[in-house]
Number of protein chains: 2
Amino acid sequence: MLKTEIPRKTIYRLSIFQRCLQRLKENKVETVSSEALAKAAGVKSTQLRKDLTHFGQFGTRGLGYNVAGLSGAIAEVLGSSRLQPVILVGVGNLGSALLRYGGFQKEGFEIVAAFDSHPVPARVKGLKTSLLNSTELTKFIREQNIKMVILTVPAQYAQEVVNELVAAGIQAILNFSPVVLEVPKNIIVNNVDLAMELENLSYFIR
Amino acid sequence: MLKTEIPRKTIYRLSIFQRCLQRLKENKVETVSSEALAKAAGVKSTQLRKDLTHFGQFGTRGLGYNVAGLSGAIAEVLGSSRLQPVILVGVGNLGSALLRYGGFQKEGFEIVAAFDSHPVPARVKGLKTSLLNSTELTKFIREQNIKMVILTVPAQYAQEVVNELVAAGIQAILNFSPVVLEVPKNIIVNNVDLAMELENLSYFIR
DNA sequence: CTGTGTGAAGGCTTTCACAGCC
DNA sequence: GGCTGTGAAAGCCTTCACACAG
């Protein structure tokens with residue numbers, strides 16, 4: 001099963017399905033049809049089934065999917081079944097907000113350290129912000145085997161920070177800076193540009 | 001020019017091009033080729049040109065595009081040439097962070113009011129958070145002619161709040177709650193799910 | 001000769017239609 | 001009978017190849 005052959009959109013939808021399954025689990029639902037799950041996720045049922053075929057067969061014909069079973073299988077595929085340590089670089093407005101935001105932990109990610117080029121006075125949730133020093137940063141990433149970074153530095157510094165992160169061995173970047181980052185092909189970047197999302201919406205309003 | 005015929009991805013890229021053009025403007029660059037602009041935006045030059053054909057002809061053959069001209073044209077298309085008022089609903093961790101975050105104003109959006117179901121002690125940037133009262137909210141939206149909302153309420157309340165917003169006449173929602181919202185077809189929703197972005201990244205790391 | 005604009009080709013994703021299993 | 005799994009068809013988006021303008 002070569003990962004590169006699977007559409008990125010499929011992977012995104014897997015996360016959506018996972019969310020819906022979690023809610024079903026909380027409601028003690030044991031079995032769900034592709035029709036019902038797809039509706040909850042906002043997609044067509046054929047698409048859900050097609051997405052799943054990339055990874056195997058998880059349903060029972062005539063019955064549907066076992067909620068816990070499918071959820072576990074998706075977690076396995078996504079690699080979110082184990083806790084993944086993450087660091088955050090850039091503790092400004094957005095960065096410190098994300099530190100306080102609890103949504104990551106809930107989904108199996110732990111922000112284990114935060115870095116900023118300036119000393120940040122307040123601790124956030126018992127996490128002290130370390131000074132962004134290239135040597136220290138690299139050391140931390142290597143010793144703790146960190147693979148993922150949340151990047152919330154100002155746009156003008158984003159690329160140089162990324163270069164250091166990549167050199168230190170980071171594999172994935174969640175980038176909030178409104179910049180198109182240049183990275184080696186084996187590094188994966190997801191961009192979240194809040195202003196762009198608003199701009200995009202404004203096109204559709206009358 | 002029917003808006004529905006234009007691919008959503010094209011609209012997204014327009015925003016990216018706009019970013020790059022702004023940087024070029026700041027650097028006093030007057031003319032840019034599709035090749036150079038596309039590279040800065042991280043896409044192929046043919047795609048940039050194809051995207052633009054949906055809206056007209058903006059370049060000069062043999063020369064390229066006038067930076068200011070193209071930027072203005074894109075702003076016109078996106079509807080971001082005029083300041084757009086926005087309200088924010090849900091002043092928790094993420095919500096108050098976004099209020100403090102300056103990135104929106106810079107791109108022509110002003111958060112003119114914030115609402116929450118609980119009293120929020122601190123003012124953020126001189127903006128007092130109003131109590132989320134259905135009647136007051138509706139009144140504000142109608143009187144101020146608000147069309148866009150940033151939604152940062154907890155997942156379990158998201159749908160009911162959205163129902164009220166839609167009833168009040170909102171047209172576009174930037175949704176940060178990890179929920180698939182149900183809205184009428186003429187309402188447009190952009191979802192930003194931070195945990196999902198991380199989950200998605202984790203799939204790609206070895 | 002450089003660089004845009006665009007019909008046509010190619011590639012990727014979604015949807016359909018239905019075979020296969022419970 | 002009900003619902004999954006899947007090859008084939010349709011639809012959509014990207015890329016190519018080149019005509020055409022400065």
# chains A, B, ... in the order shown; residues from 1 in each chain; ligands from 1
call {"tool": "interface_residues", "arguments": {"of": "chain C", "to": "chain A", "cutoff": "10 Å", "atoms": "only C-alpha atoms (C1' of nucleotides)", "output": "PDB file with N, CA and C atoms (P, O5', C5', C4', C3', O3' and C1' of nucleotides), in the first residue's frame"}}
result
ATOM      1  P    DC C  12      -2.901  11.354 -12.529  1.00  0.00           P
ATOM      2  O5'  DC C  12      -3.973  11.952 -11.519  1.00  0.00           O
ATOM      3  C5'  DC C  12      -4.143  13.367 -11.434  1.00  0.00           C
ATOM      4  C4'  DC C  12      -5.512  13.671 -10.863  1.00  0.00           C
ATOM      5  C3'  DC C  12      -5.953  12.724  -9.747  1.00  0.00           C
ATOM      6  O3'  DC C  12      -6.453  13.514  -8.695  1.00  0.00           O
ATOM      7  C1'  DC C  12      -7.621  12.846 -11.417  1.00  0.00           C
ATOM      8  P    DT C  13      -6.744  12.886  -7.222  1.00  0.00           P
ATOM      9  O5'  DT C  13      -8.261  13.292  -6.950  1.00  0.00           O
ATOM     10  C5'  DT C  13      -9.046  13.736  -8.007  1.00  0.00           C
ATOM     11  C4'  DT C  13     -10.472  14.011  -7.619  1.00  0.00           C
ATOM     12  C3'  DT C  13     -11.066  13.206  -6.482  1.00  0.00           C
ATOM     13  O3'  DT C  13     -12.050  14.015  -5.853  1.00  0.00           O
ATOM     14  C1'  DT C  13     -12.062  12.539  -8.529  1.00  0.00           C
ATOM     15  P    DT C  14     -13.036  13.498  -4.743  1.00  0.00           P
ATOM     16  O5'  DT C  14     -14.391  13.242  -5.539  1.00  0.00           O
ATOM     17  C5'  DT C  14     -14.943  14.291  -6.319  1.00  0.00           C
ATOM     18  C4'  DT C  14     -16.123  13.781  -7.129  1.00  0.00           C
ATOM     19  C3'  DT C  14     -17.225  13.122  -6.308  1.00  0.00           C
ATOM     20  O3'  DT C  14     -18.437  13.781  -6.649  1.00  0.00           O
ATOM     21  C1'  DT C  14     -16.611  11.736  -8.134  1.00  0.00           C
ATOM     22  P    DT C  15     -19.791  13.385  -5.924  1.00  0.00           P
ATOM     23  O5'  DT C  15     -20.475  12.379  -6.949  1.00  0.00           O
ATOM     24  C5'  DT C  15     -20.782  12.825  -8.256  1.00  0.00           C
ATOM     25  C4'  DT C  15     -21.246  11.651  -9.085  1.00  0.00           C
ATOM     26  C3'  DT C  15     -22.390  10.852  -8.451  1.00  0.00           C
ATOM     27  O3'  DT C  15     -23.483  10.892  -9.370  1.00  0.00           O
ATOM     28  C1'  DT C  15     -20.683   9.415  -9.279  1.00  0.00           C
ATOM     29  P    DC C  16     -24.850  10.136  -9.066  1.00  0.00           P
ATOM     30  O5'  DC C  16     -24.734   8.857 -10.001  1.00  0.00           O
ATOM     31  C5'  DC C  16     -24.284   9.033 -11.337  1.00  0.00           C
ATOM     32  C4'  DC C  16     -24.137   7.683 -12.026  1.00  0.00           C
ATOM     33  C3'  DC C  16     -25.281   6.704 -11.767  1.00  0.00           C
ATOM     34  O3'  DC C  16     -25.638   6.131 -13.010  1.00  0.00           O
ATOM     35  C1'  DC C  16     -23.221   5.670 -11.276  1.00  0.00           C
ATOM     36  P    DG C  20     -20.907 -11.214  -9.197  1.00  0.00           P
ATOM     37  O5'  DG C  20     -20.870 -10.842  -7.654  1.00  0.00           O
ATOM     38  C5'  DG C  20     -19.719 -10.197  -7.116  1.00  0.00           C
ATOM     39  C4'  DG C  20     -19.856 -10.144  -5.605  1.00  0.00           C
ATOM     40  C3'  DG C  20     -20.205 -11.484  -4.968  1.00  0.00           C
ATOM     41  O3'  DG C  20     -19.459 -11.593  -3.760  1.00  0.00           O
ATOM     42  C1'  DG C  20     -21.818  -9.883  -4.364  1.00  0.00           C
ATOM     43  P    DC C  21     -19.225 -13.003  -3.111  1.00  0.00           P
ATOM     44  O5'  DC C  21     -19.758 -12.792  -1.625  1.00  0.00           O
ATOM     45  C5'  DC C  21     -19.222 -11.747  -0.845  1.00  0.00           C
ATOM     46  C4'  DC C  21     -20.225 -11.315   0.194  1.00  0.00           C
ATOM     47  C3'  DC C  21     -20.739 -12.436   1.095  1.00  0.00           C
ATOM     48  O3'  DC C  21     -20.263 -12.161   2.403  1.00  0.00           O
ATOM     49  C1'  DC C  21     -22.500 -10.962   0.412  1.00  0.00           C
ATOM     50  P    DC C  22     -20.489 -13.162   3.632  1.00  0.00           P
ATOM     51  O5'  DC C  22     -21.699 -12.460   4.381  1.00  0.00           O
ATOM     52  C5'  DC C  22     -21.515 -11.183   4.983  1.00  0.00           C
ATOM     53  C4'  DC C  22     -22.828 -10.703   5.569  1.00  0.00           C
ATOM     54  C3'  DC C  22     -23.468 -11.674   6.548  1.00  0.00           C
ATOM     55  O3'  DC C  22     -23.813 -11.000   7.732  1.00  0.00           O
ATOM     56  C1'  DC C  22     -25.036 -11.005   4.903  1.00  0.00           C
TER      57       DC C  22
END
call {"tool": "residues_around", "arguments": {"residues": "segment 143-151 of chain B", "least_positions_apart": "4", "cutoff": "9 Å", "atoms": "only C-alpha atoms (C1' of nucleotides)", "output": "list in words"}}
result
Leu198, Leu201, Ser202, Ile205 and Arg206 of chain A; Gln84, Pro85, Val86, Ile87, Leu88, Val89, Gly90, Gly95, Ile111, Thr138, Lys139, Ala158, Val161, Val162, Leu165, Gly169, Ile170, Gln171, Ala172, Ile173, Leu174, Asn175, Phe176 and Ser177 of chain B
call {"tool": "closest_residue", "arguments": {"among": "B:Ala75, B:Ile11, B:Val67, B:Val120", "to": "Gly92 of chain B", "atoms": "only C-alpha atoms"}}
result
B:Val120
call {"tool": "closest_atom_pairs", "arguments": {"of": "chain D", "to": "chain B", "cutoff": "12 Å", "atoms": "only C-alpha atoms (C1' of nucleotides)", "output": "Markdown table"}}
result
| residue | atom | partner | partner_atom | distance |
| --- | --- | --- | --- | --- |
| D:DC12 | C1' | B:Pro7 | CA | 9.0 |
| D:DC13 | C1' | B:Pro7 | CA | 8.6 |
| D:DT14 | C1' | B:Gln47 | CA | 7.1 |
| D:DT15 | C1' | B:Thr46 | CA | 7.4 |
| D:DC16 | C1' | B:Thr46 | CA | 9.1 |
| D:DA17 | C1' | B:Thr46 | CA | 11.4 |
| D:DC20 | C1' | B:Arg61 | CA | 8.8 |
| D:DA21 | C1' | B:Arg61 | CA | 5.7 |
| D:DG22 | C1' | B:Gly62 | CA | 5.8 |
call {"tool": "write_last_selection", "arguments": {"atoms": "N, CA and C atoms (P, O5', C5', C4', C3', O3' and C1' of nucleotides)", "output": "short mmCIF file (atom, residue, chain, number, x, y, z; two decimals), in the first residue's frame"}}
result
data_model
loop_
_atom_site.label_atom_id
_atom_site.label_comp_id
_atom_site.auth_asym_id
_atom_site.auth_seq_id
_atom_site.Cartn_x
_atom_site.Cartn_y
_atom_site.Cartn_z
P DC D 12 -19.01 18.98 -13.77
"O5'" DC D 12 -17.52 19.12 -13.25
"C5'" DC D 12 -17.12 18.49 -12.02
"C4'" DC D 12 -15.64 18.66 -11.87
"C3'" DC D 12 -15.15 20.06 -12.23
"O3'" DC D 12 -14.40 20.57 -11.14
"C1'" DC D 12 -13.87 18.41 -13.35
P DC D 13 -13.82 22.02 -11.16
"O5'" DC D 13 -12.28 21.73 -11.36
"C5'" DC D 13 -11.64 20.71 -10.59
"C4'" DC D 13 -10.22 20.54 -11.06
"C3'" DC D 13 -9.48 21.85 -11.31
"O3'" DC D 13 -8.27 21.78 -10.56
"C1'" DC D 13 -9.33 20.42 -13.21
P DT D 14 -7.11 22.88 -10.75
"O5'" DT D 14 -6.11 22.15 -11.76
"C5'" DT D 14 -5.58 20.88 -11.41
"C4'" DT D 14 -4.68 20.39 -12.52
"C3'" DT D 14 -3.50 21.29 -12.86
"O3'" DT D 14 -2.34 20.48 -12.86
"C1'" DT D 14 -4.71 20.75 -14.83
P DT D 15 -0.88 21.13 -13.06
"O5'" DT D 15 -0.58 20.82 -14.60
"C5'" DT D 15 -0.58 19.47 -15.03
"C4'" DT D 15 -0.45 19.44 -16.54
"C3'" DT D 15 0.70 20.27 -17.10
"O3'" DT D 15 1.52 19.39 -17.84
"C1'" DT D 15 -1.31 20.68 -18.30
P DC D 16 2.83 19.93 -18.62
"O5'" DC D 16 2.35 19.88 -20.13
"C5'" DC D 16 1.58 18.77 -20.57
"C4'" DC D 16 1.13 18.98 -22.02
"C3'" DC D 16 2.17 19.62 -22.94
"O3'" DC D 16 2.16 18.90 -24.15
"C1'" DC D 16 0.16 20.85 -23.02
P DA D 17 3.37 19.03 -25.21
"O5'" DA D 17 2.68 19.82 -26.40
"C5'" DA D 17 1.34 19.55 -26.77
"C4'" DA D 17 0.88 20.58 -27.79
"C3'" DA D 17 2.01 21.19 -28.62
"O3'" DA D 17 1.53 21.40 -29.93
"C1'" DA D 17 0.92 22.89 -27.39
P DC D 20 -3.73 32.48 -35.19
"O5'" DC D 20 -3.32 33.65 -34.21
"C5'" DC D 20 -4.04 33.83 -32.99
"C4'" DC D 20 -3.35 34.89 -32.18
"C3'" DC D 20 -2.90 36.13 -32.98
"O3'" DC D 20 -3.34 37.28 -32.30
"C1'" DC D 20 -1.15 35.34 -31.63
P DA D 21 -3.54 38.66 -33.05
"O5'" DA D 21 -2.96 39.69 -32.02
"C5'" DA D 21 -3.32 39.60 -30.62
"C4'" DA D 21 -2.20 40.18 -29.79
"C3'" DA D 21 -1.66 41.51 -30.30
"O3'" DA D 21 -1.64 42.40 -29.21
"C1'" DA D 21 0.12 39.99 -29.94
P DG D 22 -1.36 43.93 -29.36
"O5'" DG D 22 0.12 44.02 -28.83
"C5'" DG D 22 0.38 44.11 -27.43
"C4'" DG D 22 1.86 44.09 -27.21
"C3'" DG D 22 2.60 45.34 -27.67
"O3'" DG D 22 3.48 45.76 -26.63
"C1'" DG D 22 3.62 43.43 -28.57
#
call {"tool": "closest_residue", "arguments": {"among": "B:Tyr12, B:Phe17, B:Tyr65, B:Phe140", "to": "chain A", "atoms": "only C-alpha atoms"}}
result
B:Tyr12
call {"tool": "interface_residues", "arguments": {"of": "chain A", "to": "chain B", "cutoff": "8 Å", "atoms": "only C-alpha atoms", "output": "PyMOL selection string"}}
result
chain A and resi 3+11-12+15-16+19+40-42+77-80+84+93-94+97-98+100-101+103-104+107+109+147-148+171-174+178+180+188-190+192+194-205
call {"tool": "write_last_selection", "arguments": {"atoms": "C-alpha atoms", "output": "PDB file, in the first residue's frame"}}
result
ATOM      1  CA  LYS A   3       0.859   6.093   0.537  1.00  0.00           C
ATOM      2  CA  ILE A  11      -7.023  11.483   3.758  1.00  0.00           C
ATOM      3  CA  TYR A  12      -8.802  14.704   4.658  1.00  0.00           C
ATOM      4  CA  SER A  15     -10.346  12.771   9.452  1.00  0.00           C
ATOM      5  CA  ILE A  16     -13.908  13.998   8.989  1.00  0.00           C
ATOM      6  CA  ARG A  19     -14.897  12.964  13.935  1.00  0.00           C
ATOM      7  CA  ALA A  40     -23.101  13.230   8.898  1.00  0.00           C
ATOM      8  CA  ALA A  41     -19.805  13.970   7.196  1.00  0.00           C
ATOM      9  CA  GLY A  42     -21.432  15.945   4.404  1.00  0.00           C
ATOM     10  CA  VAL A  77      -4.280   4.567   8.806  1.00  0.00           C
ATOM     11  CA  LEU A  78      -3.930   8.197   9.845  1.00  0.00           C
ATOM     12  CA  GLY A  79      -1.215   7.387  12.332  1.00  0.00           C
ATOM     13  CA  SER A  80      -3.187   9.151  15.023  1.00  0.00           C
ATOM     14  CA  GLN A  84       2.351  12.560  18.568  1.00  0.00           C
ATOM     15  CA  ASN A  93      -1.045  36.429  19.361  1.00  0.00           C
ATOM     16  CA  LEU A  94      -1.964  33.451  17.284  1.00  0.00           C
ATOM     17  CA  ALA A  97      -3.779  31.314  21.470  1.00  0.00           C
ATOM     18  CA  LEU A  98      -3.130  27.948  19.936  1.00  0.00           C
ATOM     19  CA  ARG A 100      -4.182  27.702  25.133  1.00  0.00           C
ATOM     20  CA  TYR A 101      -6.553  26.059  22.689  1.00  0.00           C
ATOM     21  CA  GLY A 103      -8.456  21.067  20.609  1.00  0.00           C
ATOM     22  CA  PHE A 104      -5.123  19.461  19.737  1.00  0.00           C
ATOM     23  CA  GLU A 107      -7.143  14.536  19.075  1.00  0.00           C
ATOM     24  CA  PHE A 109      -1.370  15.693  19.768  1.00  0.00           C
ATOM     25  CA  LYS A 147       8.488  15.415  13.561  1.00  0.00           C
ATOM     26  CA  MET A 148       5.748  18.032  13.501  1.00  0.00           C
ATOM     27  CA  GLN A 171       8.976  16.279   8.557  1.00  0.00           C
ATOM     28  CA  ALA A 172       5.664  18.134   8.666  1.00  0.00           C
ATOM     29  CA  ILE A 173       4.687  21.778   9.113  1.00  0.00           C
ATOM     30  CA  LEU A 174       1.334  23.316   9.923  1.00  0.00           C
ATOM     31  CA  PRO A 178       0.668  33.861   4.901  1.00  0.00           C
ATOM     32  CA  VAL A 180       4.252  30.035   0.319  1.00  0.00           C
ATOM     33  CA  ILE A 188       4.893  18.162   3.935  1.00  0.00           C
ATOM     34  CA  VAL A 189       3.273  21.518   4.571  1.00  0.00           C
ATOM     35  CA  ASN A 190      -0.356  22.295   5.354  1.00  0.00           C
ATOM     36  CA  VAL A 192      -3.893  27.635   7.145  1.00  0.00           C
ATOM     37  CA  LEU A 194      -7.173  32.807   8.069  1.00  0.00           C
ATOM     38  CA  ALA A 195      -7.355  36.064   6.149  1.00  0.00           C
ATOM     39  CA  MET A 196      -7.489  34.106   2.912  1.00  0.00           C
ATOM     40  CA  GLU A 197     -10.443  32.101   4.110  1.00  0.00           C
ATOM     41  CA  LEU A 198     -12.324  35.313   4.782  1.00  0.00           C
ATOM     42  CA  GLU A 199     -11.306  36.781   1.456  1.00  0.00           C
ATOM     43  CA  ASN A 200     -12.547  33.634  -0.194  1.00  0.00           C
ATOM     44  CA  LEU A 201     -15.911  33.895   1.523  1.00  0.00           C
ATOM     45  CA  SER A 202     -16.322  37.496   0.526  1.00  0.00           C
ATOM     46  CA  TYR A 203     -16.332  36.452  -3.115  1.00  0.00           C
ATOM     47  CA  PHE A 204     -19.509  34.474  -2.621  1.00  0.00           C
ATOM     48  CA  ILE A 205     -21.613  37.064  -0.839  1.00  0.00           C
TER      49      ILE A 205
END
call {"tool": "select_by_dssp", "arguments": {"residues": "segment 91-204 of chain B", "states": "helix (DSSP H, G or I)", "output": "number ranges by chain"}}
result
B: 93-100, 103-106, 134-144, 155-168, 194-204
call {"tool": "write_last_selection", "arguments": {"atoms": "N, CA and C atoms", "output": "tab-separated table (two decimals), in the first residue's frame"}}
result
chain	number	residue	atom	x	y	z
B	93	ASN	N	-11.12	30.63	24.02
B	93	ASN	CA	-9.69	30.71	23.75
B	93	ASN	C	-9.40	31.14	22.32
B	94	LEU	N	-9.97	30.38	21.40
B	94	LEU	CA	-9.69	30.65	20.00
B	94	LEU	C	-10.30	31.97	19.57
B	95	GLY	N	-11.53	32.20	19.97
B	95	GLY	CA	-12.22	33.43	19.58
B	95	GLY	C	-11.49	34.68	20.03
B	96	SER	N	-11.09	34.72	21.30
B	96	SER	CA	-10.43	35.93	21.78
B	96	SER	C	-9.06	36.08	21.12
B	97	ALA	N	-8.45	34.95	20.79
B	97	ALA	CA	-7.18	35.02	20.09
B	97	ALA	C	-7.35	35.65	18.71
B	98	LEU	N	-8.39	35.25	18.03
B	98	LEU	CA	-8.61	35.79	16.70
B	98	LEU	C	-8.94	37.28	16.75
B	99	LEU	N	-9.60	37.70	17.83
B	99	LEU	CA	-9.88	39.13	17.99
B	99	LEU	C	-8.58	39.91	18.11
B	100	ARG	N	-7.62	39.32	18.83
B	100	ARG	CA	-6.35	39.99	19.03
B	100	ARG	C	-5.46	39.93	17.78
B	103	GLY	N	-4.30	39.96	11.59
B	103	GLY	CA	-4.25	39.57	10.19
B	103	GLY	C	-5.48	39.90	9.35
B	104	PHE	N	-6.63	39.98	9.99
B	104	PHE	CA	-7.85	40.24	9.22
B	104	PHE	C	-7.94	41.67	8.74
B	105	GLN	N	-7.73	42.60	9.68
B	105	GLN	CA	-7.82	44.02	9.33
B	105	GLN	C	-6.94	44.32	8.12
B	106	LYS	N	-5.74	43.75	8.15
B	106	LYS	CA	-4.78	44.03	7.10
B	106	LYS	C	-5.34	43.71	5.72
B	134	SER	N	-30.33	36.13	21.36
B	134	SER	CA	-30.83	35.93	20.00
B	134	SER	C	-31.42	37.20	19.39
B	135	THR	N	-32.24	37.91	20.19
B	135	THR	CA	-32.90	39.11	19.67
B	135	THR	C	-31.89	40.20	19.34
B	136	GLU	N	-30.98	40.42	20.27
B	136	GLU	CA	-29.97	41.45	20.08
B	136	GLU	C	-29.07	41.14	18.88
B	137	LEU	N	-28.68	39.88	18.79
B	137	LEU	CA	-27.81	39.44	17.70
B	137	LEU	C	-28.48	39.70	16.36
B	138	THR	N	-29.72	39.27	16.26
B	138	THR	CA	-30.47	39.46	15.02
B	138	THR	C	-30.60	40.93	14.67
B	139	LYS	N	-30.90	41.72	15.69
B	139	LYS	CA	-31.06	43.16	15.49
B	139	LYS	C	-29.76	43.76	14.94
B	140	PHE	N	-28.65	43.39	15.59
B	140	PHE	CA	-27.35	43.92	15.17
B	140	PHE	C	-27.05	43.55	13.73
B	141	ILE	N	-27.23	42.28	13.40
B	141	ILE	CA	-26.92	41.80	12.06
B	141	ILE	C	-27.75	42.54	11.01
B	142	ARG	N	-29.02	42.73	11.31
B	142	ARG	CA	-29.90	43.40	10.34
B	142	ARG	C	-29.55	44.87	10.21
B	143	GLU	N	-29.37	45.54	11.36
B	143	GLU	CA	-29.13	46.98	11.33
B	143	GLU	C	-27.80	47.34	10.70
B	144	GLN	N	-26.78	46.54	11.01
B	144	GLN	CA	-25.44	46.84	10.49
B	144	GLN	C	-25.20	46.18	9.14
B	155	ALA	N	-18.32	23.01	19.85
B	155	ALA	CA	-18.98	22.17	18.85
B	155	ALA	C	-20.46	21.93	19.13
B	156	GLN	N	-20.78	21.67	20.38
B	156	GLN	CA	-22.16	21.26	20.65
B	156	GLN	C	-23.18	22.38	20.46
B	157	TYR	N	-22.73	23.64	20.44
B	157	TYR	CA	-23.67	24.74	20.24
B	157	TYR	C	-23.66	25.27	18.81
B	158	ALA	N	-22.70	24.81	18.04
B	158	ALA	CA	-22.47	25.42	16.73
B	158	ALA	C	-23.73	25.44	15.86
B	159	GLN	N	-24.39	24.30	15.74
B	159	GLN	CA	-25.52	24.24	14.81
B	159	GLN	C	-26.65	25.18	15.23
B	160	GLU	N	-26.96	25.23	16.52
B	160	GLU	CA	-28.07	26.10	16.91
B	160	GLU	C	-27.73	27.58	16.72
B	161	VAL	N	-26.48	27.93	16.98
B	161	VAL	CA	-26.07	29.31	16.75
B	161	VAL	C	-26.15	29.64	15.26
B	162	VAL	N	-25.71	28.68	14.45
B	162	VAL	CA	-25.77	28.89	13.00
B	162	VAL	C	-27.21	29.09	12.54
B	163	ASN	N	-28.12	28.32	13.07
B	163	ASN	CA	-29.52	28.48	12.68
B	163	ASN	C	-30.00	29.90	12.93
B	164	GLU	N	-29.61	30.45	14.07
B	164	GLU	CA	-30.00	31.82	14.39
B	164	GLU	C	-29.35	32.82	13.44
B	165	LEU	N	-28.07	32.59	13.18
B	165	LEU	CA	-27.34	33.49	12.29
B	165	LEU	C	-27.96	33.51	10.90
B	166	VAL	N	-28.29	32.32	10.43
B	166	VAL	CA	-28.88	32.21	9.09
B	166	VAL	C	-30.24	32.90	9.07
B	167	ALA	N	-31.03	32.68	10.11
B	167	ALA	CA	-32.34	33.32	10.20
B	167	ALA	C	-32.20	34.83	10.20
B	168	ALA	N	-31.10	35.32	10.78
B	168	ALA	CA	-30.89	36.76	10.86
B	168	ALA	C	-30.38	37.35	9.55
B	194	LEU	N	-8.44	22.93	13.00
B	194	LEU	CA	-7.02	22.89	13.27
B	194	LEU	C	-6.54	21.49	13.64
B	195	ALA	N	-7.31	20.80	14.46
B	195	ALA	CA	-6.91	19.46	14.84
B	195	ALA	C	-6.87	18.55	13.61
B	196	MET	N	-7.80	18.79	12.70
B	196	MET	CA	-7.84	17.96	11.50
B	196	MET	C	-6.61	18.17	10.63
B	197	GLU	N	-6.14	19.39	10.60
B	197	GLU	CA	-4.95	19.68	9.80
B	197	GLU	C	-3.74	18.93	10.35
B	198	LEU	N	-3.65	18.88	11.67
B	198	LEU	CA	-2.56	18.14	12.30
B	198	LEU	C	-2.70	16.65	12.01
B	199	GLU	N	-3.91	16.16	12.18
B	199	GLU	CA	-4.17	14.75	11.95
B	199	GLU	C	-3.77	14.37	10.53
B	200	ASN	N	-4.12	15.26	9.63
B	200	ASN	CA	-3.79	15.05	8.23
B	200	ASN	C	-2.29	14.97	8.01
B	201	LEU	N	-1.56	15.87	8.66
B	201	LEU	CA	-0.10	15.86	8.54
B	201	LEU	C	0.48	14.54	9.06
B	202	SER	N	-0.09	14.08	10.16
B	202	SER	CA	0.51	12.92	10.82
B	202	SER	C	0.47	11.69	9.91
B	203	TYR	N	-0.45	11.70	8.97
B	203	TYR	CA	-0.51	10.58	8.02
B	203	TYR	C	0.75	10.49	7.17
B	204	PHE	N	1.30	11.65	6.87
B	204	PHE	CA	2.40	11.70	5.91
B	204	PHE	C	3.78	11.52	6.51
call {"tool": "select_by_dssp", "arguments": {"residues": "segment 7-177 of chain A", "states": "strand (DSSP E or B)", "output": "PyMOL selection string"}}
result
chain A and resi 31-32+59-60+64-66+84-89+109-116+124+127+129-131+148-151+172-175
call {"tool": "atom_distance", "arguments": {"atom1": "atom CA of Pro154 of chain B", "atom2": "atom CA of Val29 of chain A"}}
result
22.2 Å
